[in-house]
>>> print(open('query.csv').read())   # CSV, C-alpha atoms
chain,number,residue,atom,x,y,z
A,30,MET,CA,-98.7,-0.3,-84.1
A,31,GLY,CA,-101.8,-2.3,-83.5
A,32,LEU,CA,-104.6,-3.7,-85.5
A,33,ARG,CA,-106.7,-2.2,-82.8
A,34,ASN,CA,-105.6,1.0,-80.9
A,35,TYR,CA,-106.9,2.4,-77.6
A,36,LEU,CA,-106.2,5.5,-75.7
A,37,ILE,CA,-106.0,5.5,-71.9
A,38,GLU,CA,-106.6,9.1,-70.7
A,39,GLY,CA,-107.3,10.8,-67.4
A,40,VAL,CA,-106.3,13.7,-65.2
A,41,SER,CA,-102.8,13.6,-63.8
A,42,GLY,CA,-102.7,11.3,-60.9
A,43,THR,CA,-105.3,8.8,-62.1
A,44,GLY,CA,-102.8,6.1,-63.0
A,45,LYS,CA,-102.0,6.4,-66.7
A,46,THR,CA,-98.3,5.7,-66.3
A,47,SER,CA,-98.9,2.8,-63.9
A,48,VAL,CA,-101.4,1.3,-66.3
A,49,CYS,CA,-98.9,1.6,-69.1
A,50,LYS,CA,-96.2,-0.1,-67.1
A,51,GLU,CA,-98.6,-2.9,-66.1
A,52,LEU,CA,-99.8,-3.5,-69.6
A,53,ARG,CA,-96.1,-3.8,-70.7
A,54,ARG,CA,-95.3,-6.1,-67.8
A,55,ARG,CA,-98.1,-8.4,-69.0
A,56,GLY,CA,-96.7,-8.4,-72.6
A,57,TYR,CA,-99.0,-5.9,-74.3
A,58,HIS,CA,-97.8,-3.2,-76.5
A,59,ALA,CA,-98.2,0.1,-74.7
A,60,ILE,CA,-96.9,3.6,-75.5
A,61,ASN,CA,-96.4,6.2,-72.8
A,62,GLY,CA,-97.5,9.1,-74.8
A,63,ASP,CA,-96.5,11.6,-72.2
A,64,ARG,CA,-92.9,10.4,-72.4
A,65,GLU,CA,-92.6,9.1,-75.9
A,66,LEU,CA,-94.8,11.4,-78.0
A,67,ALA,CA,-95.1,14.6,-76.1
A,68,TYR,CA,-93.5,18.0,-76.5
A,69,GLN,CA,-94.4,21.6,-75.8
A,70,GLY,CA,-96.2,23.2,-78.7
A,71,ASP,CA,-99.3,25.0,-80.0
A,72,PRO,CA,-102.3,22.6,-79.9
A,73,GLU,CA,-103.7,23.9,-83.2
A,74,THR,CA,-100.6,24.3,-85.3
A,75,GLY,CA,-98.2,21.9,-83.6
A,76,GLU,CA,-95.5,24.6,-83.8
A,77,PRO,CA,-92.9,23.9,-81.0
A,78,LEU,CA,-92.9,26.4,-78.1
A,79,ASP,CA,-90.3,27.2,-75.4
A,80,GLY,CA,-91.3,26.8,-71.8
A,81,LEU,CA,-93.3,24.3,-69.9
A,82,GLY,CA,-97.1,24.6,-69.6
A,83,HIS,CA,-99.9,22.2,-69.3
A,84,GLU,CA,-101.9,23.9,-72.0
A,85,HIS,CA,-99.0,23.2,-74.5
A,86,HIS,CA,-98.4,19.6,-73.6
A,87,ILE,CA,-99.1,18.0,-77.0
A,88,TRP,CA,-98.3,14.8,-78.9
A,89,ARG,CA,-96.6,14.6,-82.3
A,90,VAL,CA,-99.7,13.9,-84.5
A,91,ASP,CA,-97.6,12.4,-87.4
A,92,ASP,CA,-96.0,10.0,-85.0
A,93,VAL,CA,-99.4,9.0,-83.6
A,94,ARG,CA,-100.8,8.4,-87.1
A,95,ALA,CA,-97.7,6.3,-88.1
A,96,LEU,CA,-98.0,4.2,-85.0
A,97,VAL,CA,-101.7,3.6,-85.5
A,98,ALA,CA,-101.0,2.7,-89.2
A,99,ASN,CA,-98.4,0.1,-88.3
A,100,HIS,CA,-100.2,-3.3,-87.8
A,101,ASP,CA,-97.3,-5.3,-86.3
A,102,GLU,CA,-99.2,-5.7,-83.0
A,103,PRO,CA,-102.7,-7.1,-82.4
A,104,VAL,CA,-103.4,-4.2,-80.0
A,105,THR,CA,-101.7,-1.1,-78.9
A,106,PHE,CA,-102.5,1.1,-75.9
A,107,PHE,CA,-101.6,4.8,-76.0
A,108,CYS,CA,-101.4,6.0,-72.4
A,109,GLY,CA,-101.3,9.7,-71.5
A,110,GLY,CA,-102.9,13.1,-72.1
A,111,SER,CA,-102.5,15.6,-74.8
A,112,ARG,CA,-104.0,19.1,-75.4
A,113,ASN,CA,-104.2,18.3,-79.2
A,114,LEU,CA,-106.2,15.2,-78.7
A,115,HIS,CA,-108.8,16.5,-81.1
A,116,LYS,CA,-106.3,16.1,-83.9
A,117,PHE,CA,-106.1,12.3,-83.6
A,118,VAL,CA,-108.7,10.9,-81.3
A,119,ASP,CA,-110.7,9.6,-84.2
A,120,LEU,CA,-107.9,7.2,-85.0
A,121,PHE,CA,-108.6,5.1,-81.9
A,122,ASP,CA,-110.9,2.1,-81.6
A,123,GLY,CA,-111.8,3.3,-78.1
A,124,VAL,CA,-110.9,5.7,-75.3
A,125,PHE,CA,-110.8,4.8,-71.6
A,126,VAL,CA,-110.8,7.6,-69.0
A,127,LEU,CA,-109.3,6.7,-65.7
A,128,GLU,CA,-111.3,8.2,-62.8
A,129,VAL,CA,-110.5,8.6,-59.2
A,130,ASP,CA,-112.3,10.3,-56.3
A,131,TRP,CA,-111.0,13.6,-54.7
A,132,ASP,CA,-109.3,11.9,-51.7
A,133,THR,CA,-107.4,9.4,-53.9
A,134,LEU,CA,-106.3,12.1,-56.2
A,135,ASN,CA,-105.0,14.3,-53.4
A,136,ARG,CA,-103.2,11.3,-51.8
A,137,ARG,CA,-101.5,10.5,-55.0
A,138,LEU,CA,-100.5,14.1,-55.7
A,139,ASP,CA,-99.1,14.4,-52.2
A,140,GLY,CA,-96.8,11.5,-52.9
A,141,ARG,CA,-95.2,13.1,-56.0
A,142,PRO,CA,-91.8,14.6,-55.8
A,143,GLU,CA,-91.4,18.3,-56.9
A,144,ASP,CA,-89.5,17.3,-60.1
A,145,GLU,CA,-92.5,15.3,-61.4
A,146,TRP,CA,-95.5,16.9,-63.0
A,147,GLY,CA,-98.0,17.6,-60.2
A,148,GLY,CA,-95.3,17.8,-57.6
A,149,ARG,CA,-95.4,21.6,-57.3
A,150,ALA,CA,-98.3,23.5,-55.5
A,151,ALA,CA,-99.4,25.4,-58.7
A,152,GLU,CA,-99.5,22.2,-60.7
A,153,ARG,CA,-101.5,20.4,-58.0
A,154,GLU,CA,-104.0,23.2,-58.0
A,155,LEU,CA,-104.4,23.0,-61.8
A,156,ILE,CA,-104.8,19.2,-61.6
A,157,ARG,CA,-107.4,19.6,-58.8
A,158,ARG,CA,-109.3,22.2,-60.9
A,159,LEU,CA,-109.2,19.9,-64.0
A,160,HIS,CA,-110.5,17.0,-61.8
A,161,ARG,CA,-113.4,19.1,-60.6
A,162,THR,CA,-114.4,20.3,-64.0
A,163,THR,CA,-113.4,17.3,-66.1
A,164,SER,CA,-112.6,19.9,-68.8
A,165,ASP,CA,-109.4,18.2,-69.7
A,166,THR,CA,-110.5,14.6,-70.5
A,167,PRO,CA,-112.5,13.2,-73.4
A,168,LYS,CA,-116.2,13.3,-72.8
A,169,THR,CA,-117.0,10.2,-74.9
A,170,GLY,CA,-114.5,7.9,-73.2
A,171,THR,CA,-115.5,4.8,-71.2
A,172,PRO,CA,-114.9,5.5,-67.5
A,173,ILE,CA,-112.7,3.2,-65.6
A,174,ASP,CA,-112.6,3.2,-61.8
A,175,ALA,CA,-108.9,3.7,-61.2
A,176,THR,CA,-109.3,3.6,-57.4
A,177,ALA,CA,-109.3,-0.2,-57.7
A,178,PRO,CA,-106.0,-2.1,-57.4
A,179,LEU,CA,-103.8,-1.7,-60.5
A,180,ALA,CA,-104.3,-5.3,-61.6
A,181,ASN,CA,-108.0,-4.9,-61.4
A,182,VAL,CA,-107.9,-1.6,-63.4
A,183,VAL,CA,-105.9,-3.3,-66.2
A,184,ASP,CA,-108.1,-6.4,-66.1
A,185,GLU,CA,-111.1,-4.2,-66.6
A,186,ILE,CA,-109.6,-2.4,-69.6
A,187,LEU,CA,-108.6,-5.7,-71.1
A,188,ARG,CA,-112.1,-7.0,-70.5
A,189,GLN,CA,-113.6,-4.0,-72.2
A,190,VAL,CA,-111.5,-4.6,-75.3
A,191,THR,CA,-112.4,-8.3,-75.1
A,192,LEU,CA,-108.8,-9.5,-74.4
A,193,SER,CA,-108.2,-12.0,-71.8
A,194,PRO,CA,-105.3,-11.0,-69.6
A,195,ALA,CA,-101.9,-12.1,-70.9
A,196,THR,CA,-99.9,-14.4,-68.7
>>> encode(input="query.csv", output="structure tokens")
Amino acid sequence: MGLRNYLIEGVSGTGKTSVCKELRRRGYHAINGDRELAYQGDPETGEPLDGLGHEHHIWRVDDVRALVANHDEPVTFFCGGSRNLHKFVDLFDGVFVLEVDWDTLNRRLDGRPEDEWGGRAAERELIRRLHRTTSDTPKTGTPIDATAPLANVVDEILRQVTLSPAT
């Protein structure tokens, strides 16, 4: 949807959804990929699968491609994580990886209700392992310190894409 398109990634609990909401509040076009593009499927084939599993949380590649091809907006931010990122990461002008320290991650996960991803003990353990290993986030993304106040995190992302914050 944008002339320029950016992905905002990070382990669960780093603030992707909050950043998406703040970008929207400021008037930017932001897509919550985890809610608007995601489904359970095979990361290689895209074939839908039954059940719920982190390793099968993927985005609809054709929808991502169509949104990137639409140039109605000057910039679009795609916020979220996908296990089939390798199928479309090259479409983005840049990737930002939200990062938090161990204590911040644990505090955020402890505040999640059980019906939200990361709210159950097994999900939290997976998130903590992914945080330790960084195996689930893009290696070439620009790191963003997401322990800062939300407004500062969004300001830094906008600075990196050379946009002054919208009023």
>>> closest_residue(input="query.csv", among="A:Thr74, A:Ser41, A:Asn99, A:Thr171", to="Arg137 (chain A)", atoms="all atoms listed in the file")
A:Ser41
>>> closest_atom_pairs(input="query.csv", of="region 47-138 of chain A", to="region 150-165 of chain A", cutoff="12 Å", atoms="all atoms listed in the file", output="tab-separated table")
residue	atom	partner	partner_atom	distance
A:Leu81	CA	A:Glu152	CA	11.3
A:Gly82	CA	A:Glu152	CA	9.5
A:His83	CA	A:Glu152	CA	8.6
A:Glu84	CA	A:Asp165	CA	9.7
A:His86	CA	A:Asp165	CA	11.8
A:Gly109	CA	A:Asp165	CA	11.9
A:Gly110	CA	A:Asp165	CA	8.6
A:Ser111	CA	A:Asp165	CA	9.0
A:Arg112	CA	A:Asp165	CA	7.9
A:Asn113	CA	A:Asp165	CA	10.8
A:Leu114	CA	A:Asp165	CA	10.0
A:His115	CA	A:Asp165	CA	11.5
A:Val126	CA	A:Thr163	CA	10.5
A:Leu127	CA	A:His160	CA	11.1
A:Glu128	CA	A:His160	CA	8.9
A:Val129	CA	A:His160	CA	8.8
A:Asp130	CA	A:His160	CA	8.9
A:Trp131	CA	A:His160	CA	7.9
A:Asp132	CA	A:Arg157	CA	10.6
A:Thr133	CA	A:Arg157	CA	11.3
A:Leu134	CA	A:Arg157	CA	8.0
A:Asn135	CA	A:Arg157	CA	7.9
A:Arg136	CA	A:Arg153	CA	11.1
A:Arg137	CA	A:Arg153	CA	10.3
A:Leu138	CA	A:Arg153	CA	6.8
>>> atom_distance(input="query.csv", atom1="CA of Thr105 (chain A)", atom2="CA of Pro167 (chain A)")
18.7 Å
>>> atom_distance(input="query.csv", atom1="CA of Gln69 (chain A)", atom2="CA of Asn34 (chain A)")
24.0 Å
>>> atom_distance(input="query.csv", atom1="CA of Glu38 (chain A)", atom2="CA of Phe125 (chain A)")
6.1 Å
>>> closest_residue(input="query.csv", among="A:Arg94, A:Trp146, A:Asp139, A:Asn181", to="Phe121 (chain A)", atoms="only C-alpha atoms")
A:Arg94
>>> decode(input="query.csv", residues="region 156-177 of chain A", atoms="N, CA, C and O atoms", output="mmCIF file, in the first residue's frame")
data_model
loop_
_atom_site.group_PDB
_atom_site.id
_atom_site.type_symbol
_atom_site.label_atom_id
_atom_site.label_comp_id
_atom_site.auth_asym_id
_atom_site.auth_seq_id
_atom_site.Cartn_x
_atom_site.Cartn_y
_atom_site.Cartn_z
ATOM 1 N N ILE A 156 8.684 -18.435 23.724
ATOM 2 C CA ILE A 156 9.071 -17.040 23.486
ATOM 3 C C ILE A 156 10.407 -16.747 24.153
ATOM 4 O O ILE A 156 11.296 -16.121 23.565
ATOM 5 N N ARG A 157 10.573 -17.213 25.365
ATOM 6 C CA ARG A 157 11.838 -16.983 26.075
ATOM 7 C C ARG A 157 13.007 -17.658 25.360
ATOM 8 O O ARG A 157 14.093 -17.094 25.249
ATOM 9 N N ARG A 158 12.777 -18.867 24.833
ATOM 10 C CA ARG A 158 13.836 -19.562 24.080
ATOM 11 C C ARG A 158 14.168 -18.797 22.799
ATOM 12 O O ARG A 158 15.341 -18.599 22.461
ATOM 13 N N LEU A 159 13.134 -18.318 22.106
ATOM 14 C CA LEU A 159 13.361 -17.564 20.873
ATOM 15 C C LEU A 159 14.091 -16.251 21.168
ATOM 16 O O LEU A 159 14.920 -15.803 20.375
ATOM 17 N N HIS A 160 13.783 -15.644 22.302
ATOM 18 C CA HIS A 160 14.481 -14.421 22.708
ATOM 19 C C HIS A 160 15.966 -14.704 22.938
ATOM 20 O O HIS A 160 16.826 -13.943 22.494
ATOM 21 N N ARG A 161 16.247 -15.789 23.617
ATOM 22 C CA ARG A 161 17.648 -16.157 23.899
ATOM 23 C C ARG A 161 18.432 -16.444 22.626
ATOM 24 O O ARG A 161 19.579 -16.053 22.488
ATOM 25 N N THR A 162 17.797 -17.159 21.696
ATOM 26 C CA THR A 162 18.511 -17.610 20.504
ATOM 27 C C THR A 162 18.433 -16.634 19.332
ATOM 28 O O THR A 162 19.231 -16.753 18.396
ATOM 29 N N THR A 163 17.483 -15.735 19.346
ATOM 30 C CA THR A 163 17.174 -14.816 18.231
ATOM 31 C C THR A 163 16.968 -15.568 16.913
ATOM 32 O O THR A 163 17.131 -14.995 15.839
ATOM 33 N N SER A 164 16.605 -16.835 17.011
ATOM 34 C CA SER A 164 16.439 -17.662 15.814
ATOM 35 C C SER A 164 15.174 -17.346 15.033
ATOM 36 O O SER A 164 15.016 -17.814 13.914
ATOM 37 N N ASP A 165 14.301 -16.547 15.603
ATOM 38 C CA ASP A 165 12.999 -16.307 15.001
ATOM 39 C C ASP A 165 12.858 -14.912 14.404
ATOM 40 O O ASP A 165 11.794 -14.554 13.926
ATOM 41 N N THR A 166 13.921 -14.125 14.432
ATOM 42 C CA THR A 166 13.829 -12.760 13.929
ATOM 43 C C THR A 166 14.851 -12.550 12.812
ATOM 44 O O THR A 166 15.887 -13.205 12.772
ATOM 45 N N PRO A 167 14.548 -11.635 11.899
ATOM 46 C CA PRO A 167 15.472 -11.380 10.786
ATOM 47 C C PRO A 167 16.842 -10.937 11.275
ATOM 48 O O PRO A 167 16.961 -10.107 12.170
ATOM 49 N N LYS A 168 17.864 -11.496 10.683
ATOM 50 C CA LYS A 168 19.240 -11.179 11.083
ATOM 51 C C LYS A 168 19.722 -9.847 10.507
ATOM 52 O O LYS A 168 20.631 -9.234 11.044
ATOM 53 N N THR A 169 19.123 -9.414 9.420
ATOM 54 C CA THR A 169 19.597 -8.209 8.748
ATOM 55 C C THR A 169 18.777 -6.969 9.089
ATOM 56 O O THR A 169 18.998 -5.917 8.515
ATOM 57 N N GLY A 170 17.833 -7.090 10.019
ATOM 58 C CA GLY A 170 17.014 -5.944 10.384
ATOM 59 C C GLY A 170 17.779 -4.942 11.232
ATOM 60 O O GLY A 170 18.781 -5.260 11.868
ATOM 61 N N THR A 171 17.283 -3.717 11.246
ATOM 62 C CA THR A 171 17.839 -2.656 12.075
ATOM 63 C C THR A 171 17.268 -2.803 13.478
ATOM 64 O O THR A 171 16.041 -2.755 13.658
ATOM 65 N N PRO A 172 18.118 -2.985 14.484
ATOM 66 C CA PRO A 172 17.601 -3.146 15.847
ATOM 67 C C PRO A 172 17.041 -1.831 16.395
ATOM 68 O O PRO A 172 17.599 -0.759 16.157
ATOM 69 N N ILE A 173 15.919 -1.951 17.107
ATOM 70 C CA ILE A 173 15.278 -0.810 17.760
ATOM 71 C C ILE A 173 15.095 -1.172 19.230
ATOM 72 O O ILE A 173 14.515 -2.220 19.545
ATOM 73 N N ASP A 174 15.574 -0.312 20.118
ATOM 74 C CA ASP A 174 15.433 -0.543 21.557
ATOM 75 C C ASP A 174 13.977 -0.309 21.950
ATOM 76 O O ASP A 174 13.528 0.828 22.070
ATOM 77 N N ALA A 175 13.248 -1.393 22.145
ATOM 78 C CA ALA A 175 11.824 -1.311 22.457
ATOM 79 C C ALA A 175 11.563 -1.273 23.957
ATOM 80 O O ALA A 175 10.427 -1.404 24.389
ATOM 81 N N THR A 176 12.616 -1.064 24.759
ATOM 82 C CA THR A 176 12.413 -0.845 26.192
ATOM 83 C C THR A 176 12.110 0.623 26.459
ATOM 84 O O THR A 176 11.638 0.971 27.538
ATOM 85 N N ALA A 177 12.378 1.475 25.484
ATOM 86 C CA ALA A 177 12.092 2.904 25.610
ATOM 87 C C ALA A 177 10.572 3.110 25.618
ATOM 88 O O ALA A 177 9.816 2.230 25.188
#
